[in-house]
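Chemist: Structure below; questions to follow.
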Amino acid sequence: MRTISQVAKLTGISTRTLQYYDEIELLQPSKLTGSGYHLYDEANIAKLAIQQFGSIEKFTEAMEHNLEHFSEFMETQLTKDVKKLGKQSDLLYGRLSADLSEDVSSPKVQVIVHEILQFSQKHSDGADLDKPLIKVLMDIYSGDYIKNITDGKYGKGVSDYIVKAFRYYSENNAGNNN
């Protein structure tokens with residue numbers, strides 16, 4: 001059984017079109033779950049393939065073409081996504097390290113630390129950490145390897161400054177230390 005979004009991705013037919021097919025009883029899901037998910041079995045997918053492509057063979061050819069180019073697409077997309085996240089991260093850390101004479105307890109610095117934490121949580125894909133994220137980040141930036149990379153990229157002493165800013169945030173925002 002496949003969900004409506006899985007069938008949409010597999011066939012290239014939008015979820016809205018599949019919902020419309022259900023409404024007009026052209027193609028109804030095999031099962032509806034208690035939480036309202038539309039599930040389709042292989043017979044539904046075959047029927048849909050024939051409706052959309054004329055035959056199972058043409059559908060198979062289209063899917064083979066999609067699979068051949070899928071890895072290229074995903075590689076390109078992942079590279080774009082990683083670069084975009086890297087740029088966003090660089091901007092945040094660049095803002096944090098722009099003025100090392102700024103007191104780490106200043107609201108300006110603490111707002112940036114908060115933004116970094118939100119960004120990190122949003123893009124961590126729900127990683128299950130055994131300690132709060134801010135503690136993980138402090139450990140990372142305290143390590144020699146990352147310290148050398150960070151100081152090389154942003155300037156000498158930046159890694160220590162980041163750790164101090166994170167530590168201040170951690171000590172003064174006990175309820176927000178996820």
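Just remember, in the structure tokens the first chain shown is A, the second B, etc., residues are 1-based per chain, and ligands are 1-based in the order shown.
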I'd like the neighbourhood of Thr150 of chain A as a PyMOL selection string, where a residue qualifies if any of its atoms comes within 12 Å (using only C-alpha atoms), though same-chain residues fewer than 2 positions away should be ignored.
Modeler: chain A and resi 90+93-94+97+140-148+152-163
Chemist: Can you pull out every residue from segment 38-125 of chain A that DSSP, working from the backbone, puts in alpha helix (DSSP H), and format the result as number ranges by chain?
Modeler: A: 42-53, 56-96, 107-122
Chemist: Can you pull out the residues contacting Ile112 of chain A? Cut-off 9 Å, using only C-alpha atoms, and skip same-chain residues under 4 positions away; I want them as an mmCIF file with N, CA, C and O atoms, in the first residue's frame.
Modeler:
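out_39.cif written:
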data_model
loop_
_atom_site.group_PDB
_atom_site.id
_atom_site.type_symbol
_atom_site.label_atom_id
_atom_site.label_comp_id
_atom_site.auth_asym_id
_atom_site.auth_seq_id
_atom_site.Cartn_x
_atom_site.Cartn_y
_atom_site.Cartn_z
ATOM 1 N N LEU A 92 24.991 33.619 9.417
ATOM 2 C CA LEU A 92 24.734 33.704 10.859
ATOM 3 C C LEU A 92 26.035 33.766 11.655
ATOM 4 O O LEU A 92 26.197 34.624 12.526
ATOM 5 N N TYR A 93 26.967 32.863 11.361
ATOM 6 C CA TYR A 93 28.229 32.859 12.093
ATOM 7 C C TYR A 93 29.074 34.091 11.756
ATOM 8 O O TYR A 93 29.809 34.599 12.608
ATOM 9 N N ARG A 95 27.783 37.061 11.148
ATOM 10 C CA ARG A 95 27.194 38.121 11.972
ATOM 11 C C ARG A 95 27.658 38.005 13.415
ATOM 12 O O ARG A 95 27.974 39.002 14.062
ATOM 13 N N LEU A 96 27.691 36.764 13.915
ATOM 14 C CA LEU A 96 28.103 36.552 15.308
ATOM 15 C C LEU A 96 29.557 36.960 15.526
ATOM 16 O O LEU A 96 29.907 37.518 16.558
ATOM 17 N N PRO A 107 22.481 42.003 24.025
ATOM 18 C CA PRO A 107 21.283 41.497 23.337
ATOM 19 C C PRO A 107 21.539 41.200 21.852
ATOM 20 O O PRO A 107 21.016 40.223 21.326
ATOM 21 N N LYS A 108 22.363 42.013 21.212
ATOM 22 C CA LYS A 108 22.673 41.814 19.793
ATOM 23 C C LYS A 108 23.281 40.428 19.573
ATOM 24 O O LYS A 108 22.857 39.680 18.686
ATOM 25 N N ILE A 116 20.913 31.178 15.536
ATOM 26 C CA ILE A 116 21.745 30.013 15.181
ATOM 27 C C ILE A 116 21.124 28.734 15.736
ATOM 28 O O ILE A 116 21.051 27.717 15.045
ATOM 29 N N LEU A 117 20.665 28.789 16.962
ATOM 30 C CA LEU A 117 20.031 27.605 17.564
ATOM 31 C C LEU A 117 18.753 27.221 16.819
ATOM 32 O O LEU A 117 18.527 26.038 16.542
#
Chemist: May I ask for the distance between atom CA of Ser5 of chain A and atom CA of Lys122 of chain A, given in Å to one decimal place?
Modeler: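 Atom CA of Lys122 of chain A lies at a distance of 22.7 Å from atom CA of Ser5 of chain A.
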Chemist: What does the distance between atom CA of Tyr20 of chain A and atom CA of Ala62 of chain A come to in Å, to one decimal place?
Modeler: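 For atom CA of Tyr20 of chain A relative to atom CA of Ala62 of chain A, the distance reads 22.9 Å.
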Chemist: Pull the strand (DSSP E) assignments for segment 12-152 of chain A out of DSSP run on the backbone, and list those residues as number ranges by chain.
Modeler: A: 31-32, 38-40
Chemist: Next, write the just-selected residues to a file, as a JSON list (two decimals), in the first residue's frame, keeping all heavy atoms as the atom set.
Modeler:
[["chain", "number", "residue", "atom", "x", "y", "z"],
["A", 31, "LYS", "N", -7.95, 1.98, 0.51],
["A", 31, "LYS", "CA", -8.22, 2.02, 1.94],
["A", 31, "LYS", "C", -8.03, 3.45, 2.44],
["A", 31, "LYS", "O", -7.18, 4.17, 1.96],
["A", 31, "LYS", "CB", -7.24, 1.08, 2.66],
["A", 31, "LYS", "CG", -7.40, 0.98, 4.15],
["A", 31, "LYS", "CD", -6.38, 0.01, 4.73],
["A", 31, "LYS", "CE", -6.48, -0.03, 6.23],
["A", 31, "LYS", "NZ", -5.48, -0.89, 6.84],
["A", 32, "LEU", "N", -8.84, 3.82, 3.42],
["A", 32, "LEU", "CA", -8.65, 5.07, 4.14],
["A", 32, "LEU", "C", -8.28, 4.71, 5.57],
["A", 32, "LEU", "O", -8.97, 3.91, 6.21],
["A", 32, "LEU", "CB", -9.93, 5.92, 4.15],
["A", 32, "LEU", "CG", -10.30, 6.64, 2.87],
["A", 32, "LEU", "CD1", -11.67, 7.29, 2.99],
["A", 32, "LEU", "CD2", -9.26, 7.69, 2.53],
["A", 38, "HIS", "N", -5.13, 8.38, 2.41],
["A", 38, "HIS", "CA", -5.58, 7.59, 1.28],
["A", 38, "HIS", "C", -4.48, 6.60, 0.94],
["A", 38, "HIS", "O", -3.34, 6.99, 0.69],
["A", 38, "HIS", "CB", -5.82, 8.49, 0.06],
["A", 38, "HIS", "CG", -6.95, 9.44, 0.21],
["A", 38, "HIS", "ND1", -6.89, 10.58, 1.01],
["A", 38, "HIS", "CD2", -8.18, 9.43, -0.33],
["A", 38, "HIS", "CE1", -8.03, 11.21, 0.94],
["A", 38, "HIS", "NE2", -8.85, 10.54, 0.13],
["A", 39, "LEU", "N", -4.81, 5.30, 0.92],
["A", 39, "LEU", "CA", -3.82, 4.27, 0.58],
["A", 39, "LEU", "C", -4.24, 3.57, -0.71],
["A", 39, "LEU", "O", -5.41, 3.26, -0.92],
["A", 39, "LEU", "CB", -3.70, 3.26, 1.71],
["A", 39, "LEU", "CG", -3.21, 3.80, 3.06],
["A", 39, "LEU", "CD1", -3.18, 2.69, 4.10],
["A", 39, "LEU", "CD2", -1.85, 4.45, 2.93],
["A", 40, "TYR", "N", -3.25, 3.35, -1.56],
["A", 40, "TYR", "CA", -3.48, 2.73, -2.86],
["A", 40, "TYR", "C", -2.69, 1.44, -2.96],
["A", 40, "TYR", "O", -1.51, 1.40, -2.60],
["A", 40, "TYR", "CB", -3.05, 3.68, -3.99],
["A", 40, "TYR", "CG", -3.86, 4.94, -4.04],
["A", 40, "TYR", "CD1", -3.55, 6.03, -3.24],
["A", 40, "TYR", "CD2", -4.96, 5.05, -4.88],
["A", 40, "TYR", "CE1", -4.30, 7.20, -3.27],
["A", 40, "TYR", "CE2", -5.72, 6.20, -4.93],
["A", 40, "TYR", "CZ", -5.39, 7.27, -4.12],
["A", 40, "TYR", "OH", -6.14, 8.41, -4.16]]
Chemist: For Met1 of chain A, which residue out of A:Ala43, A:Val113, A:Val82, A:Leu18 is the nearest one, using only C-alpha atoms?
Modeler: A:Ala43
Chemist: Quote the spacing between atom CA of His114 of chain A and atom CA of Asp139 of chain A in Å to one decimal place.
Modeler: 17.1 Å
Chemist: Which of these residues is nearest to Arg167 of chain A, using only C-alpha atoms: A:Ile13, A:Val136, A:Ile4, A:Ile24?
Modeler: A:Val136
Chemist: With only C-alpha atoms as the atoms that count, which of A:Ile134, A:Val111, A:Val7, A:Leu48 lies nearest to Tyr21 of chain A?
Modeler: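 Of the candidates, the smallest distance to Tyr21 of chain A is held by A:Leu48.
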Chemist: At a cut-off of 10 Å, using only C-alpha atoms, what residues contact segment 84-87 of chain A? Leave out same-chain residues fewer than 5 positions from it and give the result as a VMD selection string.
Modeler: chain A and resid 78 to 79 92 to 93 119 to 120 123
